[in-house]
Amino acid sequence: MTLYATDLDGTLLRSDKSISDESAQLLNRLTDDGVLFTFATARSYSSASPLLKKLRLTCPAVTFNGVFVVDPKDGRHIVENNFTGSALAIAVDYFNRNDLAPLVYSYIDGRERVSFLRDRLSDVYGYVSTRQGDQRLRPVKTREELFQGRVFYFTLLDPRTDIAELDSVFSRENGFAVNFMPDTYNKDEIWYEIFSVNASKASALLQVMEITRADRLVCFGDNNNDLSMIRSADTGIAVSNACDELKAAADIVIGSNDEGAVPRFIAEENGQSVSEQKTKAAAPLTDKERFSQALSNAMTRVRGMHGSVGTQNEKLIHAALKNYYAPYSDDQEIRIGKYFADAVNEDGIFEIQTRHLYALKEKLEAFTEASRVTVVHPIEVRTRTVYVNSDTGEVLEETPFRNMFRKLAMFEELYSIRKFLSDSRVTIIIARLKTERRVAYPGDKIPDLRSRSVRKKAQIFRIPLEIVEEIRMPLPGGLRVFLPEELPDTFTKAEFCKLTKEPASSLRLEVLRAAGLIVQVGTQGRKYVYSVSEEVHNG
């Protein structure tokens with residue numbers, strides 16, 4: 001049998017670090033049919049696995065350029081190719097004598113950690129600054145702490161030392177293998193990676209072949225660290241965006257990573273054309289999977305602190321919801337008169353309003369004249385706070401999730417656009433969200449946000465984690481969900497509030513009145529008497 005092994009970044013993954021639905025469906029169908037498929041990456045398992053959630057992987061995979069062969073389901077190490085004691089001693093001695101400050105990958109108390117010298121953050125900033133919240137990060141004060149644990153990998157970023165000198169120290173004779181190349185996503189940043197001479201993508205894949213009893217190896221890659229497996233494979237394949245050296249070593253050059261060339265090649269070699277695959281029904285994504293995908297797409301586009309998500313509280317929430325409800329970029333940011341709509345598709349205009357709904361009044365006037373309008377309004381119902389050291393990216397504390405949904409706030413928002421609550425051209429979607437508030441602040445202490453000076457230094461932003469519930473209300477009939485059960489034929493406000501049993505009862509009544517679902521029919525002394533409208537009874 002053939003084992004198909006692919007690099008991830010720049011090869012299987014698109015430029016936004018994602019896998020298209022079409023590619024995922026192709027690969028899942030192939031693996032379900034018994035095709036042996038795996039990946040070989042320089043990434044750690046914890047870094048790679050979130051990017052591969054769409055795939056049903058079963059074959060052992062290769063991480064850290066061949067240091068580990070892992071179970072793709074849980075990251076358990078099946079094979080380890082670690083430094084020898086003498087090689088590790090040579091490396092530590094060289095780093096200390098030359099005052100170098102590498103990233104040091106190790107296992108400490110059973111946990112994978114990435115250690116770096118706190119006072120040499122500038123030496124590793126390109127790595128640390130883009131990994132806010134990575135719980136592996138371990139800033140240390142001393143060189144003794146830097147090399148603690150079971151060390152298995154080193155990385156020097158943009159090394160100022162002569163590369164020829166590094167190569168002479170970290171040679172195969174001394175027990176090392178190295179990888180020297182620009183970062184896939186930031187070509188201006190050079191990585192010099194150091195690992196055991198017994199580790200390479202090629203040697204690790206030969207171990208996977210033995211485990212899976214494969215007798216043919218087909219490898220896909222794009223960069224220098226893929227050379228060993230491309231050269232040792234029965235068929236070595238470069239994607240069209242690969243570096244020149246890899247293309248020269250490959251047997252075949254196929255399309256690019258953004259074209260899904262890897263899964264297409266495997267499908268066609270196994271007699272399944274892409275066109276045939278498209279006609280086969282695939283299981284639709286769940287709402288949770290769709291939202292996770294929308295959030296992932298939004299996070300690649302919303303940039304901010306240290307190359308991570310934006311610092312404005314609503315920015316990422318807005319982007320994620322826009323990708324969830326109207327996922328195609330050609331549909332987004334469409335001009336309607338003097339306004340821009342967040343999205344326009346066959347269902348009409350979509351407008352995501354993360355702040356107060358009353359701010360939409362003028363837009364809604366214009367939009368409802370042009371088309372049906374769906375207004376999406378997110379409300380946080382569960383949240384937690386994560387405190388992060390903004391200098392190092394280390395997570396300092398995570399609070400438990402707490403409930404925070406207030407019905408009063410929802411009815412206040414609906415009442416603020418009461419003019420439109422009876423308009424059948426409008427649909428309101430209340431997206432109840434589970435969120436995370438991330439507080440990034442310099443240093444290792446939890447900031448006291450009651451202090452104005454502290455708040456000025458802090459960067460606070462919210463990450464939407466999940467849509468807990470979606471309340472979809474085509475107006476005006478959709479507001480019937482707020483009619484309490486067992487309403488008598490006629491009732492006063494006090495009787496209505498007694499049935500609803502909530503602080504927002506009076507405002508709920510006014511929302512239903514504005515929508516025409518409840519009407520005033522008389523008085524009872526000084527009290528007004530209400531009834532459910534005929535339209536509700538007839539509907």
# chains A, B, ... in the order shown; residues from 1 in each chain; ligands from 1

call {"tool": "residues_around", "arguments": {"residues": "stretch 289-296 of chain A", "least_positions_apart": "5", "cutoff": "9 Å", "atoms": "only C-alpha atoms", "output": "tab-separated table (two decimals) with all heavy atoms, in the first residue's frame"}}
result
chain	number	residue	atom	x	y	z
A	18	SER	N	-5.61	27.41	6.49
A	18	SER	CA	-6.83	26.62	6.58
A	18	SER	C	-6.85	25.54	5.50
A	18	SER	O	-6.06	25.56	4.57
A	18	SER	CB	-8.06	27.52	6.43
A	18	SER	OG	-8.18	27.97	5.08
A	54	LYS	N	-10.91	19.44	10.65
A	54	LYS	CA	-11.86	18.93	9.65
A	54	LYS	C	-11.53	17.52	9.18
A	54	LYS	O	-12.36	16.86	8.56
A	54	LYS	CB	-11.85	19.85	8.41
A	54	LYS	CG	-12.35	21.26	8.66
A	54	LYS	CD	-12.28	22.05	7.35
A	54	LYS	CE	-12.65	23.50	7.52
A	54	LYS	NZ	-12.53	24.24	6.23
A	316	LEU	N	-13.50	41.63	16.37
A	316	LEU	CA	-13.45	40.22	16.02
A	316	LEU	C	-14.84	39.59	16.06
A	316	LEU	O	-15.18	38.75	15.23
A	316	LEU	CB	-12.50	39.48	16.95
A	316	LEU	CG	-12.32	37.99	16.63
A	316	LEU	CD1	-11.78	37.79	15.23
A	316	LEU	CD2	-11.42	37.34	17.64
A	317	ILE	N	-15.66	39.97	17.04
A	317	ILE	CA	-17.03	39.46	17.11
A	317	ILE	C	-17.78	39.82	15.83
A	317	ILE	O	-18.47	38.99	15.24
A	317	ILE	CB	-17.75	40.02	18.36
A	317	ILE	CG1	-17.14	39.43	19.62
A	317	ILE	CG2	-19.25	39.74	18.30
A	317	ILE	CD1	-17.71	39.99	20.91
A	319	ALA	N	-16.51	40.52	12.84
A	319	ALA	CA	-15.95	39.80	11.68
A	319	ALA	C	-16.38	38.34	11.68
A	319	ALA	O	-16.70	37.77	10.64
A	319	ALA	CB	-14.43	39.92	11.69
A	320	ALA	N	-16.38	37.70	12.85
A	320	ALA	CA	-16.76	36.28	12.93
A	320	ALA	C	-18.22	36.09	12.55
A	320	ALA	O	-18.56	35.17	11.80
A	320	ALA	CB	-16.50	35.76	14.34
A	321	LEU	N	-19.10	36.96	13.05
A	321	LEU	CA	-20.52	36.82	12.73
A	321	LEU	C	-20.79	37.10	11.25
A	321	LEU	O	-21.64	36.46	10.63
A	321	LEU	CB	-21.35	37.77	13.61
A	321	LEU	CG	-21.43	37.37	15.09
A	321	LEU	CD1	-22.11	38.45	15.90
A	321	LEU	CD2	-22.17	36.04	15.25
A	322	LYS	N	-20.05	38.05	10.69
A	322	LYS	CA	-20.23	38.34	9.26
A	322	LYS	C	-19.83	37.13	8.42
A	322	LYS	O	-20.52	36.78	7.46
A	322	LYS	CB	-19.41	39.57	8.87
A	322	LYS	CG	-19.62	40.00	7.43
A	322	LYS	CD	-19.20	41.45	7.20
A	322	LYS	CE	-17.74	41.66	7.38
A	322	LYS	NZ	-17.33	43.03	7.00
A	323	ASN	N	-18.74	36.46	8.80
A	323	ASN	CA	-18.32	35.26	8.07
A	323	ASN	C	-19.26	34.08	8.31
A	323	ASN	O	-19.37	33.19	7.46
A	323	ASN	CB	-16.89	34.88	8.46
A	323	ASN	CG	-15.85	35.71	7.74
A	323	ASN	OD1	-15.61	35.52	6.56
A	323	ASN	ND2	-15.26	36.66	8.43
A	324	TYR	N	-19.92	34.07	9.45
A	324	TYR	CA	-20.85	32.98	9.77
A	324	TYR	C	-22.15	33.11	8.97
A	324	TYR	O	-22.65	32.14	8.40
A	324	TYR	CB	-21.14	33.00	11.26
A	324	TYR	CG	-22.09	31.92	11.73
A	324	TYR	CD1	-21.69	30.59	11.78
A	324	TYR	CD2	-23.38	32.23	12.15
A	324	TYR	CE1	-22.56	29.59	12.22
A	324	TYR	CE2	-24.26	31.25	12.59
A	324	TYR	CZ	-23.83	29.93	12.63
A	324	TYR	OH	-24.69	28.95	13.06
A	325	TYR	N	-22.70	34.32	8.94
A	325	TYR	CA	-24.00	34.51	8.29
A	325	TYR	C	-23.89	34.81	6.79
A	325	TYR	O	-24.84	34.56	6.04
A	325	TYR	CB	-24.78	35.64	8.99
A	325	TYR	CG	-25.30	35.22	10.34
A	325	TYR	CD1	-24.69	35.65	11.51
A	325	TYR	CD2	-26.39	34.37	10.44
A	325	TYR	CE1	-25.15	35.25	12.76
A	325	TYR	CE2	-26.87	33.97	11.69
A	325	TYR	CZ	-26.25	34.41	12.83
A	325	TYR	OH	-26.71	34.00	14.06
A	327	PRO	N	-20.74	34.05	4.40
A	327	PRO	CA	-19.33	33.65	4.37
A	327	PRO	C	-18.55	33.99	3.12
A	327	PRO	O	-17.35	33.80	3.09
A	327	PRO	CB	-19.41	32.13	4.55
A	327	PRO	CG	-20.75	31.74	4.04
A	327	PRO	CD	-21.65	32.89	4.36
A	463	ILE	N	-13.08	37.61	22.45
A	463	ILE	CA	-13.05	36.56	21.44
A	463	ILE	C	-14.35	35.76	21.54
A	463	ILE	O	-14.65	35.21	22.60
A	463	ILE	CB	-11.85	35.62	21.64
A	463	ILE	CG1	-10.54	36.41	21.58
A	463	ILE	CG2	-11.85	34.51	20.61
A	463	ILE	CD1	-9.32	35.60	21.92
A	464	PRO	N	-15.14	35.69	20.47
A	464	PRO	CA	-16.35	34.86	20.52
A	464	PRO	C	-15.97	33.40	20.39
A	464	PRO	O	-15.26	33.02	19.46
A	464	PRO	CB	-17.14	35.35	19.30
A	464	PRO	CG	-16.09	35.81	18.34
A	464	PRO	CD	-14.96	36.35	19.17
A	465	LEU	N	-16.41	32.56	21.30
A	465	LEU	CA	-16.05	31.15	21.29
A	465	LEU	C	-17.12	30.26	20.68
A	465	LEU	O	-16.81	29.26	20.03
A	465	LEU	CB	-15.75	30.67	22.72
A	465	LEU	CG	-14.67	31.43	23.49
A	465	LEU	CD1	-14.55	30.89	24.90
A	465	LEU	CD2	-13.33	31.35	22.76
A	466	GLU	N	-18.38	30.65	20.87
A	466	GLU	CA	-19.46	29.76	20.45
A	466	GLU	C	-20.78	30.52	20.45
A	466	GLU	O	-20.99	31.41	21.28
A	466	GLU	CB	-19.53	28.58	21.44
A	466	GLU	CG	-20.58	27.55	21.17
A	466	GLU	CD	-20.61	26.49	22.25
A	466	GLU	OE1	-19.60	26.33	22.97
A	466	GLU	OE2	-21.66	25.83	22.38
A	467	ILE	N	-21.67	30.17	19.50
A	467	ILE	CA	-23.05	30.66	19.57
A	467	ILE	C	-23.83	29.67	20.42
A	467	ILE	O	-24.06	28.53	20.02
A	467	ILE	CB	-23.68	30.80	18.18
A	467	ILE	CG1	-22.97	31.90	17.38
A	467	ILE	CG2	-25.17	31.14	18.30
A	467	ILE	CD1	-23.56	32.15	16.02

call {"tool": "select_by_dssp", "arguments": {"residues": "stretch 151-394 of chain A", "states": "strand (DSSP E or B)", "output": "MDAnalysis selection string"}}
result
chainID A and resid 151:157 176:182 190:196 216:221 235:238 252:253 332:336 339:345 348:352 373:389

call {"tool": "closest_atom_pairs", "arguments": {"of": "stretch 197-225 of chain A", "to": "stretch 178-183 of chain A", "cutoff": "12 Å", "atoms": "only C-alpha atoms", "output": "CSV"}}
result
residue,atom,partner,partner_atom,distance
A:Val197,CA,A:Val178,CA,8.3
A:Asn198,CA,A:Val178,CA,11.2
A:Ala199,CA,A:Val178,CA,9.6
A:Ser200,CA,A:Val178,CA,9.2
A:Lys201,CA,A:Asn179,CA,11.2
A:Asp222,CA,A:Met181,CA,11.4
A:Asn223,CA,A:Met181,CA,7.8
A:Asn224,CA,A:Met181,CA,6.6
A:Asn225,CA,A:Asn179,CA,5.9

call {"tool": "residues_around", "arguments": {"residues": "A:Phe420", "least_positions_apart": "2", "cutoff": "10 Å", "atoms": "only C-alpha atoms", "output": "CSV table (one decimal) with N, CA, C and O atoms, in the first residue's frame"}}
result
chain,number,residue,atom,x,y,z
A,361,LYS,N,-31.0,53.1,13.0
A,361,LYS,CA,-32.2,53.6,12.6
A,361,LYS,C,-32.2,54.2,11.1
A,361,LYS,O,-33.0,53.8,10.3
A,364,LEU,N,-31.5,51.4,8.5
A,364,LEU,CA,-32.7,50.5,8.3
A,364,LEU,C,-33.7,51.2,7.4
A,364,LEU,O,-34.4,50.6,6.6
A,365,GLU,N,-33.9,52.5,7.6
A,365,GLU,CA,-34.8,53.3,6.7
A,365,GLU,C,-34.4,53.1,5.3
A,365,GLU,O,-35.2,52.8,4.4
A,368,THR,N,-34.5,49.0,4.2
A,368,THR,CA,-35.8,48.4,4.0
A,368,THR,C,-36.5,48.8,2.7
A,368,THR,O,-37.4,48.1,2.2
A,414,LEU,N,-34.3,46.0,21.6
A,414,LEU,CA,-35.5,45.8,20.6
A,414,LEU,C,-36.4,47.1,20.7
A,414,LEU,O,-36.8,47.5,19.7
A,415,TYR,N,-36.6,47.6,21.9
A,415,TYR,CA,-37.5,48.7,22.0
A,415,TYR,C,-36.9,50.0,21.4
A,415,TYR,O,-37.6,50.8,20.9
A,416,SER,N,-35.6,50.0,21.3
A,416,SER,CA,-34.9,51.2,20.7
A,416,SER,C,-35.2,51.3,19.2
A,416,SER,O,-35.0,52.4,18.6
A,417,ILE,N,-35.6,50.2,18.6
A,417,ILE,CA,-35.9,50.2,17.1
A,417,ILE,C,-37.4,49.9,17.0
A,417,ILE,O,-37.8,49.2,16.0
A,418,ARG,N,-38.2,50.3,17.9
A,418,ARG,CA,-39.7,49.9,17.9
A,418,ARG,C,-40.4,50.3,16.6
A,418,ARG,O,-41.3,49.6,16.3
A,422,SER,N,-42.8,46.2,13.6
A,422,SER,CA,-44.0,45.7,12.9
A,422,SER,C,-43.7,45.5,11.4
A,422,SER,O,-44.6,45.2,10.6
A,423,ASP,N,-42.5,45.7,11.0
A,423,ASP,CA,-42.1,45.7,9.5
A,423,ASP,C,-41.7,44.3,9.1
A,423,ASP,O,-40.7,43.7,9.5
A,424,SER,N,-42.6,43.8,8.2
A,424,SER,CA,-42.4,42.4,7.8
A,424,SER,C,-41.1,42.2,6.9
A,424,SER,O,-40.8,41.1,6.6
A,425,ARG,N,-40.5,43.3,6.5
A,425,ARG,CA,-39.3,43.2,5.7
A,425,ARG,C,-38.0,43.0,6.6
A,425,ARG,O,-36.9,42.8,6.0
A,426,VAL,N,-38.2,43.0,7.9
A,426,VAL,CA,-37.0,42.9,8.8
A,426,VAL,C,-37.1,41.6,9.6
A,426,VAL,O,-38.1,41.2,10.0
A,427,THR,N,-35.9,41.0,9.7
A,427,THR,CA,-35.7,39.8,10.6
A,427,THR,C,-34.6,40.2,11.6
A,427,THR,O,-33.6,40.7,11.3
A,475,LEU,N,-39.9,39.6,11.7
A,475,LEU,CA,-40.9,40.5,12.3
A,475,LEU,C,-42.2,40.6,11.5
A,475,LEU,O,-42.2,40.4,10.2
A,476,PRO,N,-43.3,40.9,12.1
A,476,PRO,CA,-43.4,41.0,13.6
A,476,PRO,C,-43.7,39.6,14.3
A,476,PRO,O,-43.6,39.5,15.5
A,514,ALA,N,-45.4,47.4,20.4
A,514,ALA,CA,-44.8,48.1,19.2
A,514,ALA,C,-44.9,47.2,18.0
A,514,ALA,O,-45.0,47.7,16.9
A,515,ALA,N,-44.8,45.9,18.2
A,515,ALA,CA,-44.9,45.0,17.1
A,515,ALA,C,-46.3,44.7,16.6
A,515,ALA,O,-46.5,44.0,15.6

call {"tool": "closest_residue", "arguments": {"among": "A:Glu245, A:Asp109, A:Asp258, A:Asp93", "to": "A:Lys17", "atoms": "only C-alpha atoms"}}
result
A:Asp258

call {"tool": "closest_residue", "arguments": {"among": "A:Gln135, A:Thr500, A:Thr155, A:Thr11", "to": "A:Gly255", "atoms": "only C-alpha atoms"}}
result
A:Thr11

call {"tool": "atom_distance", "arguments": {"atom1": "atom CA of A:Ser23", "atom2": "atom CA of A:Ile254"}}
result
15.1 Å

call {"tool": "atom_distance", "arguments": {"atom1": "atom CA of A:Phe340", "atom2": "atom CA of A:Met473"}}
result
23.2 Å

call {"tool": "residues_around", "arguments": {"residues": "A:Leu8", "least_positions_apart": "5", "cutoff": "9 Å", "atoms": "only C-alpha atoms", "output": "list in words"}}
result
Leu13, Arg14, Lys17, Phe39, Ala40, Thr41, Ala42, Arg43, Ala48 and Gly221 of chain A

call {"tool": "write_last_selection", "arguments": {"atoms": "all heavy atoms", "output": "PDB file, in the first residue's frame"}}
result
ATOM      1  N   LEU A  13      -1.911  23.224   3.762  1.00  0.00           N
ATOM      2  CA  LEU A  13      -2.661  24.387   4.248  1.00  0.00           C
ATOM      3  C   LEU A  13      -2.586  25.526   3.240  1.00  0.00           C
ATOM      4  O   LEU A  13      -1.540  25.773   2.635  1.00  0.00           O
ATOM      5  CB  LEU A  13      -2.100  24.867   5.587  1.00  0.00           C
ATOM      6  CG  LEU A  13      -2.117  23.864   6.737  1.00  0.00           C
ATOM      7  CD1 LEU A  13      -1.542  24.509   7.987  1.00  0.00           C
ATOM      8  CD2 LEU A  13      -3.529  23.353   7.000  1.00  0.00           C
ATOM      9  N   ARG A  14      -3.699  26.229   3.102  1.00  0.00           N
ATOM     10  CA  ARG A  14      -3.727  27.408   2.242  1.00  0.00           C
ATOM     11  C   ARG A  14      -2.961  28.555   2.901  1.00  0.00           C
ATOM     12  O   ARG A  14      -2.495  28.433   4.034  1.00  0.00           O
ATOM     13  CB  ARG A  14      -5.183  27.809   1.961  1.00  0.00           C
ATOM     14  CG  ARG A  14      -5.952  26.750   1.186  1.00  0.00           C
ATOM     15  CD  ARG A  14      -7.379  27.183   0.881  1.00  0.00           C
ATOM     16  NE  ARG A  14      -8.198  27.275   2.079  1.00  0.00           N
ATOM     17  CZ  ARG A  14      -9.508  27.520   2.062  1.00  0.00           C
ATOM     18  NH1 ARG A  14     -10.133  27.697   0.906  1.00  0.00           N
ATOM     19  NH2 ARG A  14     -10.193  27.573   3.185  1.00  0.00           N
ATOM     20  N   LYS A  17      -3.708  29.444   6.379  1.00  0.00           N
ATOM     21  CA  LYS A  17      -3.509  28.336   7.326  1.00  0.00           C
ATOM     22  C   LYS A  17      -4.752  27.467   7.481  1.00  0.00           C
ATOM     23  O   LYS A  17      -4.939  26.820   8.518  1.00  0.00           O
ATOM     24  CB  LYS A  17      -3.059  28.851   8.703  1.00  0.00           C
ATOM     25  CG  LYS A  17      -1.810  29.703   8.681  1.00  0.00           C
ATOM     26  CD  LYS A  17      -1.414  30.135  10.078  1.00  0.00           C
ATOM     27  CE  LYS A  17      -0.260  31.116  10.057  1.00  0.00           C
ATOM     28  NZ  LYS A  17       0.145  31.559  11.402  1.00  0.00           N
ATOM     29  N   PHE A  39       0.579  13.471   7.892  1.00  0.00           N
ATOM     30  CA  PHE A  39       1.314  14.728   7.696  1.00  0.00           C
ATOM     31  C   PHE A  39       2.658  14.654   8.400  1.00  0.00           C
ATOM     32  O   PHE A  39       2.842  13.904   9.368  1.00  0.00           O
ATOM     33  CB  PHE A  39       0.509  15.932   8.200  1.00  0.00           C
ATOM     34  CG  PHE A  39       0.230  15.940   9.694  1.00  0.00           C
ATOM     35  CD1 PHE A  39       1.124  16.518  10.585  1.00  0.00           C
ATOM     36  CD2 PHE A  39      -0.935  15.372  10.199  1.00  0.00           C
ATOM     37  CE1 PHE A  39       0.870  16.536  11.948  1.00  0.00           C
ATOM     38  CE2 PHE A  39      -1.200  15.380  11.565  1.00  0.00           C
ATOM     39  CZ  PHE A  39      -0.299  15.968  12.438  1.00  0.00           C
ATOM     40  N   ALA A  40       3.602  15.440   7.887  1.00  0.00           N
ATOM     41  CA  ALA A  40       4.935  15.559   8.481  1.00  0.00           C
ATOM     42  C   ALA A  40       5.257  17.043   8.546  1.00  0.00           C
ATOM     43  O   ALA A  40       5.361  17.713   7.508  1.00  0.00           O
ATOM     44  CB  ALA A  40       5.973  14.820   7.638  1.00  0.00           C
ATOM     45  N   THR A  41       5.399  17.580   9.752  1.00  0.00           N
ATOM     46  CA  THR A  41       5.492  19.022   9.924  1.00  0.00           C
ATOM     47  C   THR A  41       6.596  19.392  10.911  1.00  0.00           C
ATOM     48  O   THR A  41       7.016  18.573  11.737  1.00  0.00           O
ATOM     49  CB  THR A  41       4.143  19.582  10.436  1.00  0.00           C
ATOM     50  OG1 THR A  41       4.230  20.993  10.592  1.00  0.00           O
ATOM     51  CG2 THR A  41       3.762  18.957  11.782  1.00  0.00           C
ATOM     52  N   ALA A  42       7.031  20.637  10.819  1.00  0.00           N
ATOM     53  CA  ALA A  42       7.944  21.175  11.830  1.00  0.00           C
ATOM     54  C   ALA A  42       7.172  21.632  13.061  1.00  0.00           C
ATOM     55  O   ALA A  42       7.769  21.898  14.114  1.00  0.00           O
ATOM     56  CB  ALA A  42       8.729  22.348  11.250  1.00  0.00           C
ATOM     57  N   ARG A  43       5.868  21.722  12.931  1.00  0.00           N
ATOM     58  CA  ARG A  43       5.042  22.160  14.058  1.00  0.00           C
ATOM     59  C   ARG A  43       5.003  21.117  15.173  1.00  0.00           C
ATOM     60  O   ARG A  43       5.280  19.944  14.963  1.00  0.00           O
ATOM     61  CB  ARG A  43       3.598  22.402  13.596  1.00  0.00           C
ATOM     62  CG  ARG A  43       3.378  23.644  12.744  1.00  0.00           C
ATOM     63  CD  ARG A  43       1.924  23.724  12.349  1.00  0.00           C
ATOM     64  NE  ARG A  43       1.601  24.927  11.583  1.00  0.00           N
ATOM     65  CZ  ARG A  43       1.170  26.064  12.117  1.00  0.00           C
ATOM     66  NH1 ARG A  43       0.989  26.144  13.429  1.00  0.00           N
ATOM     67  NH2 ARG A  43       0.898  27.103  11.352  1.00  0.00           N
ATOM     68  N   ALA A  48      -0.313  21.962  15.450  1.00  0.00           N
ATOM     69  CA  ALA A  48      -0.862  21.433  14.199  1.00  0.00           C
ATOM     70  C   ALA A  48      -2.314  20.989  14.323  1.00  0.00           C
ATOM     71  O   ALA A  48      -3.126  21.213  13.424  1.00  0.00           O
ATOM     72  CB  ALA A  48      -0.008  20.259  13.720  1.00  0.00           C
ATOM     73  N   GLY A 221       5.740  18.551  -0.515  1.00  0.00           N
ATOM     74  CA  GLY A 221       6.370  19.591   0.276  1.00  0.00           C
ATOM     75  C   GLY A 221       6.525  20.896  -0.469  1.00  0.00           C
ATOM     76  O   GLY A 221       6.187  21.001  -1.657  1.00  0.00           O
TER      77      GLY A 221
END

call {"tool": "atom_distance", "arguments": {"atom1": "atom CA of A:Asp391", "atom2": "atom CA of A:Arg160"}}
result
22.6 Å

call {"tool": "closest_residue", "arguments": {"among": "A:Pro263, A:Pro60, A:Gly66, A:Gly337", "to": "A:Ser44", "atoms": "only C-alpha atoms"}}
result
A:Gly66

call {"tool": "closest_residue", "arguments": {"among": "A:Ala431, A:Met209, A:Leu512, A:Leu449", "to": "A:His318", "atoms": "only C-alpha atoms"}}
result
A:Ala431

call {"tool": "residues_around", "arguments": {"residues": "A:Ser168", "least_positions_apart": "4", "cutoff": "12 Å", "atoms": "only C-alpha atoms", "output": "list in words"}}
result
Ile90, Ala91, Tyr94, Thr161, Asp162, Ile163, Ala164, Arg172, Glu173, Asn174, Gly175, Phe176, Ala177 and Val178 of chain A

call {"tool": "select_by_dssp", "arguments": {"residues": "stretch 208-408 of chain A", "states": "alpha helix (DSSP H)", "output": "JSON, numbers by chain"}}
result
{"A": [208, 209, 210, 211, 212, 227, 228, 229, 230, 231, 232, 244, 245, 246, 247, 248, 249, 261, 262, 263, 264, 265, 266, 267, 268, 269, 274, 275, 276, 277, 278, 279, 287, 288, 289, 290, 291, 292, 293, 294, 295, 296, 297, 298, 299, 300, 301, 315, 316, 317, 318, 319, 320, 321, 322, 323, 324, 325, 361, 362, 363, 364, 365, 366, 367, 368, 369, 370, 407, 408]}

call {"tool": "residues_around", "arguments": {"residues": "A:His356", "least_positions_apart": "3", "cutoff": "9 Å", "atoms": "only C-alpha atoms", "output": "PDB file with N, CA and C atoms, in the first residue's frame"}}
result
ATOM      1  N   GLN A 353     -24.803  44.144  13.980  1.00  0.00           N
ATOM      2  CA  GLN A 353     -24.737  45.301  14.866  1.00  0.00           C
ATOM      3  C   GLN A 353     -24.311  44.851  16.252  1.00  0.00           C
ATOM      4  N   ALA A 359     -28.544  52.703  16.830  1.00  0.00           N
ATOM      5  CA  ALA A 359     -27.628  53.324  15.875  1.00  0.00           C
ATOM      6  C   ALA A 359     -27.939  52.929  14.440  1.00  0.00           C
ATOM      7  N   LEU A 360     -28.795  51.918  14.248  1.00  0.00           N
ATOM      8  CA  LEU A 360     -29.144  51.444  12.904  1.00  0.00           C
ATOM      9  C   LEU A 360     -30.339  52.160  12.294  1.00  0.00           C
ATOM     10  N   HIS A 377     -27.724  40.704  16.095  1.00  0.00           N
ATOM     11  CA  HIS A 377     -27.269  41.421  17.286  1.00  0.00           C
ATOM     12  C   HIS A 377     -26.739  40.422  18.303  1.00  0.00           C
ATOM     13  N   GLU A 413     -32.764  46.890  23.742  1.00  0.00           N
ATOM     14  CA  GLU A 413     -32.281  47.015  22.367  1.00  0.00           C
ATOM     15  C   GLU A 413     -33.440  46.926  21.368  1.00  0.00           C
ATOM     16  N   SER A 416     -35.555  50.035  21.312  1.00  0.00           N
ATOM     17  CA  SER A 416     -34.915  51.215  20.724  1.00  0.00           C
ATOM     18  C   SER A 416     -35.171  51.317  19.216  1.00  0.00           C
TER      19      SER A 416
END

call {"tool": "residues_around", "arguments": {"residues": "A:Thr399", "least_positions_apart": "6", "cutoff": "9 Å", "atoms": "only C-alpha atoms", "output": "list in words"}}
result
Arg384, Thr385, Val386 and Tyr387 of chain A

call {"tool": "write_last_selection", "arguments": {"atoms": "all heavy atoms", "output": "JSON list (two decimals), in the first residue's frame"}}
result
[["chain", "number", "residue", "atom", "x", "y", "z"],
["A", 384, "ARG", "N", -15.56, 34.42, 30.30],
["A", 384, "ARG", "CA", -14.49, 34.28, 31.27],
["A", 384, "ARG", "C", -13.43, 35.31, 30.92],
["A", 384, "ARG", "O", -13.41, 35.86, 29.82],
["A", 384, "ARG", "CB", -13.89, 32.88, 31.25],
["A", 384, "ARG", "CG", -13.07, 32.58, 30.00],
["A", 384, "ARG", "CD", -12.42, 31.21, 30.08],
["A", 384, "ARG", "NE", -11.70, 30.92, 28.83],
["A", 384, "ARG", "CZ", -11.13, 29.75, 28.58],
["A", 384, "ARG", "NH1", -11.18, 28.78, 29.46],
["A", 384, "ARG", "NH2", -10.49, 29.55, 27.42],
["A", 385, "THR", "N", -12.52, 35.54, 31.86],
["A", 385, "THR", "CA", -11.42, 36.48, 31.63],
["A", 385, "THR", "C", -10.10, 35.72, 31.64],
["A", 385, "THR", "O", -9.87, 34.87, 32.51],
["A", 385, "THR", "CB", -11.39, 37.58, 32.70],
["A", 385, "THR", "OG1", -12.64, 38.29, 32.67],
["A", 385, "THR", "CG2", -10.26, 38.57, 32.43],
["A", 386, "VAL", "N", -9.26, 35.99, 30.65],
["A", 386, "VAL", "CA", -7.92, 35.40, 30.57],
["A", 386, "VAL", "C", -6.90, 36.53, 30.65],
["A", 386, "VAL", "O", -6.94, 37.46, 29.83],
["A", 386, "VAL", "CB", -7.74, 34.60, 29.26],
["A", 386, "VAL", "CG1", -6.33, 34.04, 29.17],
["A", 386, "VAL", "CG2", -8.77, 33.47, 29.17],
["A", 387, "TYR", "N", -6.03, 36.46, 31.64],
["A", 387, "TYR", "CA", -4.99, 37.48, 31.81],
["A", 387, "TYR", "C", -3.69, 36.98, 31.17],
["A", 387, "TYR", "O", -3.27, 35.84, 31.42],
["A", 387, "TYR", "CB", -4.76, 37.77, 33.29],
["A", 387, "TYR", "CG", -5.96, 38.38, 33.97],
["A", 387, "TYR", "CD1", -6.86, 37.59, 34.68],
["A", 387, "TYR", "CD2", -6.21, 39.75, 33.89],
["A", 387, "TYR", "CE1", -7.98, 38.15, 35.30],
["A", 387, "TYR", "CE2", -7.31, 40.32, 34.51],
["A", 387, "TYR", "CZ", -8.18, 39.51, 35.21],
["A", 387, "TYR", "OH", -9.29, 40.06, 35.82]]
